[in-house]
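Take a look at the structure set out below.
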2 protein chains.
Amino acid sequence: MNQHTVKAYGDELNQLTAEVARMGGLAEAQVADAVESVARRDVALARAVIERDARLDGMHRDIEKKAIRLIALRQPVASDLRRTLAAMKLAVDLERTGDLAKNISKRALILAEGEPMQPLTRSIERMGKLVSMRLRDVLDAYAVGEVDRAIAVWNTDDEVDEHYNALFRELLTYMMGDPRTITACTHLLFMAKNLERIGDHATNIAETIHYEITGLEFTGERPRWNPDPDLDTPAA
Amino acid sequence: MNQHTVKAYGDELNQLTAEVARMGGLAEAQVADAVESVARRDVALARAVIERDARLDGMHRDIEKKAIRLIALRQPVASDLRRTLAAMKLAVDLERTGDLAKNISKRALILAEGEPMQPLTRSIERMGKLVSMRLRDVLDAYAVGEVDRAIAVWNTDDEVDEHYNALFRELLTYMMGDPRTITACTHLLFMAKNLERIGDHATNIAETIHYEITGLEFTGERPRWNPDPDLDTPAA
């Protein structure tokens with residue numbers, strides 16, 4: 001490789017990482033805005049979130065295309081290959097995060113047509129803030145390449161589950177107390193599930209960062225981690 | 001490359017494809033058994049599905065490791081690179097499919113403790129059969145490398161949504177009619193959502209097969225496709 005080729009190759013890798021970081025910023029904003037659109041019953045904001053999601057889809061496709069092109073033409077090895085593969089993986093998690101944010105805003109639009117449902121939406125807001133914070137922390141870890149910060153996010157996965165669990169029980173109690181709220185509560189239930197899944201994506205992102213930086217698969221056991229917190233609630 | 005190297009490289013690629021196909025077979029069985037465990041209130045079968053899921057996780061990790069190794073050491077290009085990347089993508093979809101099947105069986109265990117809920121479980125069974133069939137069809141398309149068969153699965157995505165929609169309304173009606181069934185119906189609601197998401201994974205798999213075989217991104221619009229069928233139901 002001549003100097004020019006090496007330079008272009010390094011540029012391409014940096015560009016890929018920068019585009020993932022940018023996509024991360026957008027996904028983070030989408031989640032925060034989606035939660036806001038529920039909390040404030042803000043129809044305009046909900047519509048904006050839904051509309052903006054197409055950009056995340058486009059970025060995902062673009063990152064994937066660039067990564068495949070880089071692998072095919074530059075044949076990266078070792079840490080460069082890991083960086084490229086990590087970019088592809090992260091783009092998938094961020095695209096799914098965006099889909100979930102969009103789904104939350106779609107449900108916000110429906111809920112805005114009915115009666116306000118505080119304190120339930122306040123619980124969604126609290127859980128949404130927690131999940132947004134985790135997403136921000138893990139994306140910060142990616143931006144600065146700090147594996148310890150990523151692991152810190154990974155280690156506190158159970159906080160989201162605790163919130164989800166409490167919210168799930170709160171929603172069931174509400175529905176039983178007033179069956180006219182069942183449809184609205186079902187939308188809130190799916191919102192809570194979406195937030196919980198965004199939390200899972202933040203955990204995946206932490207694992208990918210760990211792999212990219214160390215080259216090792218993350219083997220830590222998820223302590224007290226429960227993939228389906230609502231399964232603690234027995235039926236009937 | 002000498003003859004021996006070429007042979008080993010071809011073998012590795014074939015092995016990778018074969019392992020994905022095998023993982024597909026296992027994922028397909030897990031979905032079918034999960035649905036059976038609900039329909040027959042079969043606690044032993046539900047436990048077996050939950051236990052067997054670890055094998056899918058292991059296969060996913062193994063396929064990913066082998067694919068990365070192949071890219072790093074063999075530096076595949078063109079159709080070989082597509083085949084390798086497709087294997088990685090398919091393993092992700094199949095692993096998620098397995099998680100969703102496990103989740104269904106966990107809920108089956110809980111429902112088995114309560115009163116039987118026919119005809120609701122019969123509706124789950126019907127939707128489950130449809131989703132299983134789509135998964136089988138798309139995995140057949142992968143095994144024989146037939147892009148038309150994959151597209152056929154892709155084109156009939158809306159059938160799953162129709163089932164989900166009907167089931168969603170049925171569940172809401174049931175809950176409103178008898179609030180004591182709310183917790184059980186919530187589990188059935190998540191089961192239906194899980195089946196819908198397995199249907200989405202089958203659609204993703206079809207797109208990946210299209211990319212692997214043609215080298216082109218699938219650009220067809222999903223006709224009448226609705227990512228969130230339950231959003232048709234207004235709140236309150």
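In the structure tokens, chains take the letters A, B, ... in the order shown, each chain's residues start at 1, and ligands count up from 1 in the order shown.
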List as a tab-separated table every residue of chain B that is in contact with chain A, defined as an atom at most 9 Å from one of its atoms (using only C-alpha atoms), together with the nearest atom pair and the distance in Å rounded to one decimal, sorted by chain and then rising number.
```
residue	atom	partner	partner_atom	distance
B:Ile68	CA	A:Leu85	CA	8.5
B:Ile71	CA	A:Gln75	CA	8.0
B:Ala72	CA	A:Val77	CA	5.4
B:Leu73	CA	A:Val77	CA	8.1
B:Gln75	CA	A:Gln75	CA	5.9
B:Pro76	CA	A:Ala72	CA	7.2
B:Val77	CA	A:Ala72	CA	5.4
B:Ala78	CA	A:Ala72	CA	7.4
B:Leu81	CA	A:Ala72	CA	7.3
B:Arg82	CA	A:Ile68	CA	8.7
B:Leu85	CA	A:Ile68	CA	8.5
B:Asn103	CA	A:Asp228	CA	7.5
B:Lys106	CA	A:Leu231	CA	7.4
B:Arg107	CA	A:Leu231	CA	6.9
B:Ile110	CA	A:Ala235	CA	5.9
B:Leu111	CA	A:Ala235	CA	6.0
B:Ala112	CA	A:Ala235	CA	8.8
B:Glu113	CA	A:Ala235	CA	7.3
B:Gly114	CA	A:Ala236	CA	5.8
B:Glu115	CA	A:Ala236	CA	7.8
B:Leu172	CA	A:Thr183	CA	6.8
B:Met175	CA	A:Ile182	CA	7.5
B:Met176	CA	A:Pro179	CA	5.5
B:Gly177	CA	A:Pro179	CA	8.5
B:Asp178	CA	A:Pro179	CA	8.7
B:Pro179	CA	A:Met176	CA	5.5
B:Arg180	CA	A:Ala236	CA	7.0
B:Thr181	CA	A:Ala236	CA	6.6
B:Ile182	CA	A:Met176	CA	7.0
B:Thr183	CA	A:Ala235	CA	5.4
B:Ala184	CA	A:Ala235	CA	4.9
B:Cys185	CA	A:Ala235	CA	8.6
B:Thr186	CA	A:Thr186	CA	8.4
B:His187	CA	A:Ala235	CA	7.8
B:Phe190	CA	A:Phe190	CA	8.9
B:Pro227	CA	A:Asn103	CA	8.8
B:Asp228	CA	A:Asn103	CA	7.5
B:Asp230	CA	A:His187	CA	8.8
B:Leu231	CA	A:Arg107	CA	6.9
B:Thr233	CA	A:Thr183	CA	8.1
B:Pro234	CA	A:Ile110	CA	5.9
B:Ala235	CA	A:Ala184	CA	4.9
B:Ala236	CA	A:Gly114	CA	5.8
```
Kindly assemble as CSV a list of the region 146-232 of chain A residues that lie within 12 Å of region 11-23 of chain A, each paired with its nearest atom pair and their distance in Å to one decimal, using only C-alpha atoms, sorted first by chain and then by ascending residue number.
```
residue,atom,partner,partner_atom,distance
A:Ile205,CA,A:Val20,CA,11.5
A:Ile209,CA,A:Thr17,CA,11.8
A:Glu212,CA,A:Thr17,CA,11.5
```
Suppose we keep all heavy atoms; can you now write the selection as a PDB file, in the first residue's frame?
```pdb
ATOM      1  N   ILE A 205     -25.007  -2.791  23.181  1.00  0.00           N
ATOM      2  CA  ILE A 205     -24.001  -1.827  22.720  1.00  0.00           C
ATOM      3  C   ILE A 205     -22.773  -1.901  23.633  1.00  0.00           C
ATOM      4  O   ILE A 205     -21.635  -1.893  23.156  1.00  0.00           O
ATOM      5  CB  ILE A 205     -24.613  -0.403  22.668  1.00  0.00           C
ATOM      6  CG1 ILE A 205     -25.619  -0.326  21.504  1.00  0.00           C
ATOM      7  CG2 ILE A 205     -23.526   0.662  22.500  1.00  0.00           C
ATOM      8  CD1 ILE A 205     -26.453   0.949  21.472  1.00  0.00           C
ATOM      9  N   ILE A 209     -18.948  -2.740  22.428  1.00  0.00           N
ATOM     10  CA  ILE A 209     -17.801  -1.868  22.722  1.00  0.00           C
ATOM     11  C   ILE A 209     -16.690  -2.685  23.387  1.00  0.00           C
ATOM     12  O   ILE A 209     -15.516  -2.565  23.047  1.00  0.00           O
ATOM     13  CB  ILE A 209     -18.227  -0.683  23.626  1.00  0.00           C
ATOM     14  CG1 ILE A 209     -19.202   0.219  22.875  1.00  0.00           C
ATOM     15  CG2 ILE A 209     -17.006   0.121  24.092  1.00  0.00           C
ATOM     16  CD1 ILE A 209     -19.863   1.285  23.751  1.00  0.00           C
ATOM     17  N   GLU A 212     -15.066  -4.709  20.723  1.00  0.00           N
ATOM     18  CA  GLU A 212     -14.251  -3.888  19.816  1.00  0.00           C
ATOM     19  C   GLU A 212     -12.914  -3.515  20.463  1.00  0.00           C
ATOM     20  O   GLU A 212     -11.857  -3.608  19.833  1.00  0.00           O
ATOM     21  CB  GLU A 212     -14.998  -2.602  19.430  1.00  0.00           C
ATOM     22  CG  GLU A 212     -14.137  -1.694  18.553  1.00  0.00           C
ATOM     23  CD  GLU A 212     -14.807  -0.369  18.197  1.00  0.00           C
ATOM     24  OE1 GLU A 212     -16.038  -0.296  18.208  1.00  0.00           O
ATOM     25  OE2 GLU A 212     -14.071   0.590  17.905  1.00  0.00           O
TER      26      GLU A 212
END
```
When you look at Tyr211 (chain B) with a cut-off of 12 Å (counting only C-alpha atoms), what residues show up, excluding the ones that are within fewer than 3 positions of it in the same chain? I need them as a list in words. Lys65 of chain A; Ala78, Ser79, Leu81, Arg82, Arg83, Thr84, Leu85, Ala86, Ala87, Lys89, Leu90, Tyr142, Gly145, Glu146, Val147, Ala150, Ile151, Asn204, Ile205, Ala206, Glu207, Thr208, Thr214, Gly215, Leu216, Glu217, Phe218 and Thr219 of chain B
Suppose you want the space between CA of Arg52 (chain B) and CA of Ala67 (chain B); what is it in Å? 23.4 Å
Lys129 (chain A) surroundings by only C-alpha atoms, 12 Å radius, close-in-sequence under 5 positions cut, as a PDB file with all heavy atoms, in the first residue's frame:
```
ATOM      1  N   GLU A  28     -30.401   8.653  20.433  1.00  0.00           N
ATOM      2  CA  GLU A  28     -30.564   9.137  21.813  1.00  0.00           C
ATOM      3  C   GLU A  28     -31.631  10.240  21.858  1.00  0.00           C
ATOM      4  O   GLU A  28     -32.517  10.232  22.716  1.00  0.00           O
ATOM      5  CB  GLU A  28     -29.206   9.688  22.244  1.00  0.00           C
ATOM      6  CG  GLU A  28     -29.014   9.899  23.706  1.00  0.00           C
ATOM      7  CD  GLU A  28     -27.711  10.655  23.961  1.00  0.00           C
ATOM      8  OE1 GLU A  28     -26.670  10.316  23.334  1.00  0.00           O
ATOM      9  OE2 GLU A  28     -27.743  11.601  24.758  1.00  0.00           O
ATOM     10  N   ALA A  29     -31.552  11.178  20.916  1.00  0.00           N
ATOM     11  CA  ALA A  29     -32.530  12.271  20.861  1.00  0.00           C
ATOM     12  C   ALA A  29     -33.929  11.725  20.567  1.00  0.00           C
ATOM     13  O   ALA A  29     -34.921  12.201  21.143  1.00  0.00           O
ATOM     14  CB  ALA A  29     -32.117  13.279  19.791  1.00  0.00           C
ATOM     15  N   VAL A  31     -35.185   8.840  21.409  1.00  0.00           N
ATOM     16  CA  VAL A  31     -35.747   8.214  22.610  1.00  0.00           C
ATOM     17  C   VAL A  31     -36.216   9.300  23.589  1.00  0.00           C
ATOM     18  O   VAL A  31     -37.340   9.239  24.103  1.00  0.00           O
ATOM     19  CB  VAL A  31     -34.714   7.276  23.287  1.00  0.00           C
ATOM     20  CG1 VAL A  31     -35.243   6.750  24.615  1.00  0.00           C
ATOM     21  CG2 VAL A  31     -34.370   6.109  22.366  1.00  0.00           C
ATOM     22  N   ALA A  32     -35.359  10.297  23.807  1.00  0.00           N
ATOM     23  CA  ALA A  32     -35.721  11.378  24.737  1.00  0.00           C
ATOM     24  C   ALA A  32     -36.990  12.092  24.265  1.00  0.00           C
ATOM     25  O   ALA A  32     -37.904  12.347  25.051  1.00  0.00           O
ATOM     26  CB  ALA A  32     -34.554  12.358  24.864  1.00  0.00           C
ATOM     27  N   ASP A  33     -37.061  12.404  22.963  1.00  0.00           N
ATOM     28  CA  ASP A  33     -38.229  13.104  22.424  1.00  0.00           C
ATOM     29  C   ASP A  33     -39.489  12.236  22.463  1.00  0.00           C
ATOM     30  O   ASP A  33     -40.592  12.740  22.700  1.00  0.00           O
ATOM     31  CB  ASP A  33     -37.960  13.558  20.978  1.00  0.00           C
ATOM     32  CG  ASP A  33     -37.022  14.761  20.928  1.00  0.00           C
ATOM     33  OD1 ASP A  33     -36.761  15.348  21.991  1.00  0.00           O
ATOM     34  OD2 ASP A  33     -36.557  15.112  19.829  1.00  0.00           O
ATOM     35  N   ALA A  34     -39.312  10.949  22.211  1.00  0.00           N
ATOM     36  CA  ALA A  34     -40.467  10.052  22.258  1.00  0.00           C
ATOM     37  C   ALA A  34     -41.081  10.062  23.654  1.00  0.00           C
ATOM     38  O   ALA A  34     -42.307  10.165  23.816  1.00  0.00           O
ATOM     39  CB  ALA A  34     -40.048   8.633  21.848  1.00  0.00           C
ATOM     40  N   VAL A  35     -40.217   9.975  24.674  1.00  0.00           N
ATOM     41  CA  VAL A  35     -40.696   9.976  26.059  1.00  0.00           C
ATOM     42  C   VAL A  35     -41.356  11.323  26.378  1.00  0.00           C
ATOM     43  O   VAL A  35     -42.424  11.377  26.995  1.00  0.00           O
ATOM     44  CB  VAL A  35     -39.531   9.663  27.029  1.00  0.00           C
ATOM     45  CG1 VAL A  35     -39.958   9.860  28.478  1.00  0.00           C
ATOM     46  CG2 VAL A  35     -39.031   8.230  26.807  1.00  0.00           C
ATOM     47  N   GLU A  36     -40.741  12.402  25.919  1.00  0.00           N
ATOM     48  CA  GLU A  36     -41.311  13.743  26.102  1.00  0.00           C
ATOM     49  C   GLU A  36     -42.700  13.836  25.451  1.00  0.00           C
ATOM     50  O   GLU A  36     -43.609  14.459  26.003  1.00  0.00           O
ATOM     51  CB  GLU A  36     -40.410  14.787  25.430  1.00  0.00           C
ATOM     52  CG  GLU A  36     -39.315  15.353  26.321  1.00  0.00           C
ATOM     53  CD  GLU A  36     -39.887  16.249  27.414  1.00  0.00           C
ATOM     54  OE1 GLU A  36     -40.434  17.312  27.091  1.00  0.00           O
ATOM     55  OE2 GLU A  36     -39.765  15.828  28.582  1.00  0.00           O
ATOM     56  N   ALA A  39     -45.110  12.285  27.809  1.00  0.00           N
ATOM     57  CA  ALA A  39     -45.261  13.006  29.069  1.00  0.00           C
ATOM     58  C   ALA A  39     -46.042  14.299  28.867  1.00  0.00           C
ATOM     59  O   ALA A  39     -46.889  14.655  29.689  1.00  0.00           O
ATOM     60  CB  ALA A  39     -43.878  13.297  29.668  1.00  0.00           C
ATOM     61  N   ARG A 122     -46.440   9.532  34.123  1.00  0.00           N
ATOM     62  CA  ARG A 122     -45.286   9.989  34.885  1.00  0.00           C
ATOM     63  C   ARG A 122     -44.328   8.821  35.164  1.00  0.00           C
ATOM     64  O   ARG A 122     -43.116   9.001  35.164  1.00  0.00           O
ATOM     65  CB  ARG A 122     -45.728  10.652  36.190  1.00  0.00           C
ATOM     66  CG  ARG A 122     -44.852  11.848  36.435  1.00  0.00           C
ATOM     67  CD  ARG A 122     -45.438  13.007  37.170  1.00  0.00           C
ATOM     68  NE  ARG A 122     -46.618  12.756  37.948  1.00  0.00           N
ATOM     69  CZ  ARG A 122     -47.635  13.622  38.043  1.00  0.00           C
ATOM     70  NH1 ARG A 122     -47.589  14.766  37.385  1.00  0.00           N
ATOM     71  NH2 ARG A 122     -48.678  13.347  38.777  1.00  0.00           N
ATOM     72  N   SER A 123     -44.885   7.641  35.383  1.00  0.00           N
ATOM     73  CA  SER A 123     -44.037   6.460  35.578  1.00  0.00           C
ATOM     74  C   SER A 123     -43.287   6.130  34.292  1.00  0.00           C
ATOM     75  O   SER A 123     -42.114   5.758  34.322  1.00  0.00           O
ATOM     76  CB  SER A 123     -44.884   5.260  35.997  1.00  0.00           C
ATOM     77  OG  SER A 123     -45.527   5.522  37.221  1.00  0.00           O
ATOM     78  N   ILE A 124     -43.976   6.250  33.157  1.00  0.00           N
ATOM     79  CA  ILE A 124     -43.322   6.026  31.856  1.00  0.00           C
ATOM     80  C   ILE A 124     -42.185   7.030  31.692  1.00  0.00           C
ATOM     81  O   ILE A 124     -41.084   6.678  31.242  1.00  0.00           O
ATOM     82  CB  ILE A 124     -44.341   6.197  30.695  1.00  0.00           C
ATOM     83  CG1 ILE A 124     -45.363   5.061  30.674  1.00  0.00           C
ATOM     84  CG2 ILE A 124     -43.633   6.340  29.346  1.00  0.00           C
ATOM     85  CD1 ILE A 124     -44.906   3.799  29.983  1.00  0.00           C
ATOM     86  N   ARG A 134     -28.945   5.713  30.285  1.00  0.00           N
ATOM     87  CA  ARG A 134     -28.085   4.558  30.001  1.00  0.00           C
ATOM     88  C   ARG A 134     -27.588   4.596  28.562  1.00  0.00           C
ATOM     89  O   ARG A 134     -26.434   4.288  28.271  1.00  0.00           O
ATOM     90  CB  ARG A 134     -28.848   3.255  30.243  1.00  0.00           C
ATOM     91  CG  ARG A 134     -29.104   2.978  31.711  1.00  0.00           C
ATOM     92  CD  ARG A 134     -30.052   1.803  31.880  1.00  0.00           C
ATOM     93  NE  ARG A 134     -29.585   0.622  31.186  1.00  0.00           N
ATOM     94  CZ  ARG A 134     -28.590  -0.144  31.604  1.00  0.00           C
ATOM     95  NH1 ARG A 134     -27.964   0.129  32.716  1.00  0.00           N
ATOM     96  NH2 ARG A 134     -28.211  -1.199  30.902  1.00  0.00           N
ATOM     97  N   LEU A 135     -28.482   4.970  27.665  1.00  0.00           N
ATOM     98  CA  LEU A 135     -28.107   5.049  26.254  1.00  0.00           C
ATOM     99  C   LEU A 135     -27.034   6.118  26.074  1.00  0.00           C
ATOM    100  O   LEU A 135     -26.039   5.911  25.364  1.00  0.00           O
ATOM    101  CB  LEU A 135     -29.363   5.372  25.433  1.00  0.00           C
ATOM    102  CG  LEU A 135     -29.300   5.140  23.933  1.00  0.00           C
ATOM    103  CD1 LEU A 135     -28.948   3.699  23.603  1.00  0.00           C
ATOM    104  CD2 LEU A 135     -30.645   5.497  23.283  1.00  0.00           C
ATOM    105  N   ARG A 136     -27.213   7.273  26.729  1.00  0.00           N
ATOM    106  CA  ARG A 136     -26.234   8.343  26.624  1.00  0.00           C
ATOM    107  C   ARG A 136     -24.879   7.889  27.171  1.00  0.00           C
ATOM    108  O   ARG A 136     -23.845   8.099  26.554  1.00  0.00           O
ATOM    109  CB  ARG A 136     -26.733   9.564  27.407  1.00  0.00           C
ATOM    110  CG  ARG A 136     -26.010  10.857  27.051  1.00  0.00           C
ATOM    111  CD  ARG A 136     -26.319  11.929  28.067  1.00  0.00           C
ATOM    112  NE  ARG A 136     -25.929  11.493  29.405  1.00  0.00           N
ATOM    113  CZ  ARG A 136     -26.505  11.873  30.540  1.00  0.00           C
ATOM    114  NH1 ARG A 136     -27.496  12.717  30.526  1.00  0.00           N
ATOM    115  NH2 ARG A 136     -26.072  11.409  31.711  1.00  0.00           N
ATOM    116  N   GLU A 159     -31.582  -2.133  36.972  1.00  0.00           N
ATOM    117  CA  GLU A 159     -32.385  -0.957  37.345  1.00  0.00           C
ATOM    118  C   GLU A 159     -33.578  -0.783  36.406  1.00  0.00           C
ATOM    119  O   GLU A 159     -34.677  -0.452  36.832  1.00  0.00           O
ATOM    120  CB  GLU A 159     -31.532   0.320  37.276  1.00  0.00           C
ATOM    121  CG  GLU A 159     -30.604   0.499  38.460  1.00  0.00           C
ATOM    122  CD  GLU A 159     -29.691   1.701  38.249  1.00  0.00           C
ATOM    123  OE1 GLU A 159     -30.140   2.703  37.650  1.00  0.00           O
ATOM    124  OE2 GLU A 159     -28.519   1.617  38.649  1.00  0.00           O
ATOM    125  N   VAL A 160     -33.337  -0.982  35.118  1.00  0.00           N
ATOM    126  CA  VAL A 160     -34.413  -0.861  34.137  1.00  0.00           C
ATOM    127  C   VAL A 160     -35.491  -1.904  34.422  1.00  0.00           C
ATOM    128  O   VAL A 160     -36.692  -1.617  34.402  1.00  0.00           O
ATOM    129  CB  VAL A 160     -33.890  -1.020  32.695  1.00  0.00           C
ATOM    130  CG1 VAL A 160     -35.030  -0.957  31.698  1.00  0.00           C
ATOM    131  CG2 VAL A 160     -32.857   0.053  32.380  1.00  0.00           C
ATOM    132  N   HIS A 163     -37.747  -0.934  37.296  1.00  0.00           N
ATOM    133  CA  HIS A 163     -38.737   0.053  36.864  1.00  0.00           C
ATOM    134  C   HIS A 163     -39.847  -0.602  36.047  1.00  0.00           C
ATOM    135  O   HIS A 163     -41.029  -0.331  36.232  1.00  0.00           O
ATOM    136  CB  HIS A 163     -38.074   1.144  36.005  1.00  0.00           C
ATOM    137  CG  HIS A 163     -37.561   2.291  36.801  1.00  0.00           C
ATOM    138  ND1 HIS A 163     -38.129   3.534  36.795  1.00  0.00           N
ATOM    139  CD2 HIS A 163     -36.522   2.377  37.650  1.00  0.00           C
ATOM    140  CE1 HIS A 163     -37.456   4.332  37.600  1.00  0.00           C
ATOM    141  NE2 HIS A 163     -36.476   3.652  38.121  1.00  0.00           N
ATOM    142  N   LEU A 195     -39.445   0.495  26.119  1.00  0.00           N
ATOM    143  CA  LEU A 195     -38.350   1.111  26.887  1.00  0.00           C
ATOM    144  C   LEU A 195     -37.414   0.040  27.446  1.00  0.00           C
ATOM    145  O   LEU A 195     -36.195   0.182  27.416  1.00  0.00           O
ATOM    146  CB  LEU A 195     -38.905   1.982  28.016  1.00  0.00           C
ATOM    147  CG  LEU A 195     -39.563   3.293  27.571  1.00  0.00           C
ATOM    148  CD1 LEU A 195     -40.223   3.980  28.765  1.00  0.00           C
ATOM    149  CD2 LEU A 195     -38.542   4.233  26.923  1.00  0.00           C
ATOM    150  N   GLU A 196     -38.010  -1.031  27.920  1.00  0.00           N
ATOM    151  CA  GLU A 196     -37.193  -2.123  28.458  1.00  0.00           C
ATOM    152  C   GLU A 196     -36.297  -2.685  27.350  1.00  0.00           C
ATOM    153  O   GLU A 196     -35.122  -2.991  27.576  1.00  0.00           O
ATOM    154  CB  GLU A 196     -38.131  -3.195  29.023  1.00  0.00           C
ATOM    155  CG  GLU A 196     -37.443  -4.267  29.815  1.00  0.00           C
ATOM    156  CD  GLU A 196     -37.808  -5.655  29.342  1.00  0.00           C
ATOM    157  OE1 GLU A 196     -38.631  -5.802  28.416  1.00  0.00           O
ATOM    158  OE2 GLU A 196     -37.258  -6.607  29.891  1.00  0.00           O
ATOM    159  N   ILE A 198     -35.237  -1.025  24.707  1.00  0.00           N
ATOM    160  CA  ILE A 198     -34.189  -0.033  24.415  1.00  0.00           C
ATOM    161  C   ILE A 198     -33.058  -0.213  25.432  1.00  0.00           C
ATOM    162  O   ILE A 198     -31.874  -0.152  25.084  1.00  0.00           O
ATOM    163  CB  ILE A 198     -34.769   1.403  24.448  1.00  0.00           C
ATOM    164  CG1 ILE A 198     -35.729   1.604  23.265  1.00  0.00           C
ATOM    165  CG2 ILE A 198     -33.645   2.444  24.402  1.00  0.00           C
ATOM    166  CD1 ILE A 198     -36.527   2.906  23.322  1.00  0.00           C
ATOM    167  N   GLY A 199     -33.430  -0.478  26.683  1.00  0.00           N
ATOM    168  CA  GLY A 199     -32.421  -0.765  27.708  1.00  0.00           C
ATOM    169  C   GLY A 199     -31.570  -1.974  27.323  1.00  0.00           C
ATOM    170  O   GLY A 199     -30.348  -1.970  27.493  1.00  0.00           O
TER     171      GLY A 199
END
```
Could you please determine the separation between CA of Trp154 (chain B) and CA of Leu26 (chain A) in Å, to one decimal place?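 Spanning CA of Trp154 (chain B) to CA of Leu26 (chain A) is a straight-line distance of 29.3 Å.
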Would you please work out which residue, of B:Val38, B:Leu70, B:Ala143, B:Ala27, is nearest to Ala202 (chain B) when using only C-alpha atoms? B:Ala27
Å distance separating CA of Ile104 (chain A) from CA of Val131 (chain B), one decimal place: 25.0 Å
